[in-house]
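Input: a single structure, listed below in structure tokens.
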Amino acid sequence: MKQPYLSPDDLPTHKTTLISEILLSQLEEVTKTKFYLACRHKVRILLSSCHWYFKVNSGILMLIMVCHDIESYQNVMMNVPYLASKLKLFANHAKISISSPVNQGMPWVIGINQILPEDDSASI
């Protein structure tokens, strides 16, 4: 594929790129804090049992969760509709990526608009 030529004057400066990266990182951290506070207590405990963070990639907000054991993975999977409903408070189009314990499968990625509404009886 042929790359279009842009003169150096048309490209962002190094300082602009660096500032954008810093602001994006700050946005991800603030989103993580606000998301955590928006969740009910039992889901906060569940989040604490995993490594999780937010990443913005190509303008799409993504909740990335890495489960350390199969029990936390199963509990997270049961609460995906709840997590999606809370994520909708922060972005119209977002994704959730859930990784099972190390070497036990590929990450499961789904858009929040593809998830059926929450059934309260299924979540913790």
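The chains in the structure tokens are called A, B, ... from first to last as shown; in each chain the residues are counted from 1, and the ligands are counted from 1 in the order shown.
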
Using DSSP on the backbone, list every residue of region 5-120 of chain A that comes out as strand (DSSP E), and give them as a ChimeraX atom specification.
-> /A:50-57,60-67,94-99,108-111

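Shortest separation to Arg40 (chain A) among A:Met62, A:Leu83, A:Leu11, A:Cys67 occurs at residue A:Leu83, atoms counted being only C-alpha atoms.
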
Residues flagged helix (DSSP H, G or I) by DSSP in chain A, as an MDAnalysis selection string | chainID A and resid 8:10 14:38 41:48 70:78 80:87 112:114

Any idea what's packed within 10 Å of Glu29 (chain A), counting only C-alpha atoms, ignoring anything in its chain fewer than 6 positions away? Could you give it as JSON, numbers by chain?
-> {"A": [23, 35, 53, 54, 55]}

Can you list, as JSON, numbers by chain, every protein, DNA or RNA residue that comes within 7 Å of region 104-116 of chain A when you count only C-alpha atoms, leaving out same-chain residues fewer than 3 positions away?
-> {"A": [81, 84, 93, 94, 95, 96, 97, 98, 99, 100, 101]}

Nearest-residue call for Lys88 (chain A), choices A:Asn57, A:Ser49, A:Thr31, A:Ser25, using only C-alpha atoms | A:Thr31

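Using only C-alpha atoms, the nearest neighbour of Met77 (chain A) within the list A:Lys32, A:Val43, A:Ser48, A:Ser7 is A:Val43.
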
Measure the distance from CA of Met65 (chain A) to CA of His51 (chain A) in Å and round it to one decimal.
-> 5.8 Å

Write out as an MDAnalysis selection string each polymer residue whose atoms come within 10 Å of Leu46 (chain A), counting only C-alpha atoms; drop sequence neighbours fewer than 3 positions from it.
-> chainID A and resid 41:43 49:50 67 72:73 75:76 79 124

Hey, can you spit out that residue selection with N, CA and C atoms as a PDB file, in the first residue's frame?
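Dumped to selection11.pdb:
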```pdb
ATOM      1  N   HIS A  41     -20.816  -2.213  45.075  1.00  0.00           N
ATOM      2  CA  HIS A  41     -19.751  -2.730  45.932  1.00  0.00           C
ATOM      3  C   HIS A  41     -19.258  -4.119  45.521  1.00  0.00           C
ATOM      4  N   LYS A  42     -20.165  -5.051  45.247  1.00  0.00           N
ATOM      5  CA  LYS A  42     -19.756  -6.417  44.907  1.00  0.00           C
ATOM      6  C   LYS A  42     -18.957  -6.455  43.605  1.00  0.00           C
ATOM      7  N   VAL A  43     -19.282  -5.579  42.668  1.00  0.00           N
ATOM      8  CA  VAL A  43     -18.540  -5.534  41.403  1.00  0.00           C
ATOM      9  C   VAL A  43     -17.176  -4.892  41.631  1.00  0.00           C
ATOM     10  N   SER A  49     -10.215  -8.268  42.017  1.00  0.00           N
ATOM     11  CA  SER A  49      -9.635  -9.604  41.869  1.00  0.00           C
ATOM     12  C   SER A  49      -8.949  -9.783  40.514  1.00  0.00           C
ATOM     13  N   CYS A  50      -9.012  -8.758  39.659  1.00  0.00           N
ATOM     14  CA  CYS A  50      -8.431  -8.820  38.313  1.00  0.00           C
ATOM     15  C   CYS A  50      -7.501  -7.625  38.094  1.00  0.00           C
ATOM     16  N   CYS A  67      -7.935 -11.723  34.032  1.00  0.00           N
ATOM     17  CA  CYS A  67      -8.299 -12.501  35.214  1.00  0.00           C
ATOM     18  C   CYS A  67      -7.139 -13.412  35.607  1.00  0.00           C
ATOM     19  N   SER A  72     -12.379 -15.984  39.072  1.00  0.00           N
ATOM     20  CA  SER A  72     -12.617 -14.565  38.783  1.00  0.00           C
ATOM     21  C   SER A  72     -13.050 -14.386  37.329  1.00  0.00           C
ATOM     22  N   TYR A  73     -12.487 -15.195  36.428  1.00  0.00           N
ATOM     23  CA  TYR A  73     -12.885 -15.140  35.017  1.00  0.00           C
ATOM     24  C   TYR A  73     -14.368 -15.461  34.865  1.00  0.00           C
ATOM     25  N   ASN A  75     -16.732 -15.235  37.157  1.00  0.00           N
ATOM     26  CA  ASN A  75     -17.527 -14.171  37.777  1.00  0.00           C
ATOM     27  C   ASN A  75     -17.587 -12.928  36.894  1.00  0.00           C
ATOM     28  N   VAL A  76     -16.469 -12.583  36.270  1.00  0.00           N
ATOM     29  CA  VAL A  76     -16.454 -11.435  35.354  1.00  0.00           C
ATOM     30  C   VAL A  76     -17.390 -11.702  34.179  1.00  0.00           C
ATOM     31  N   ASN A  79     -20.916 -11.094  34.793  1.00  0.00           N
ATOM     32  CA  ASN A  79     -21.261  -9.701  35.032  1.00  0.00           C
ATOM     33  C   ASN A  79     -21.018  -8.789  33.830  1.00  0.00           C
ATOM     34  N   ILE A 124     -23.489 -11.011  40.331  1.00  0.00           N
ATOM     35  CA  ILE A 124     -23.220 -11.112  41.775  1.00  0.00           C
ATOM     36  C   ILE A 124     -23.744  -9.902  42.500  1.00  0.00           C
TER      37      ILE A 124
END
```

Of the residues A:Leu24, A:Met78, A:Leu61, A:Ala38, which is the one nearest to Asn92 (chain A), using only C-alpha atoms?
-> A:Leu61

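For the choices A:Lys15, A:Tyr5, A:Cys39, A:Leu27, the atom-to-atom distance to Leu89 (chain A) is smallest for A:Cys39 when using only C-alpha atoms.
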
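CA of Leu87 (chain A) lies 19.3 Å from CA of Gln74 (chain A).
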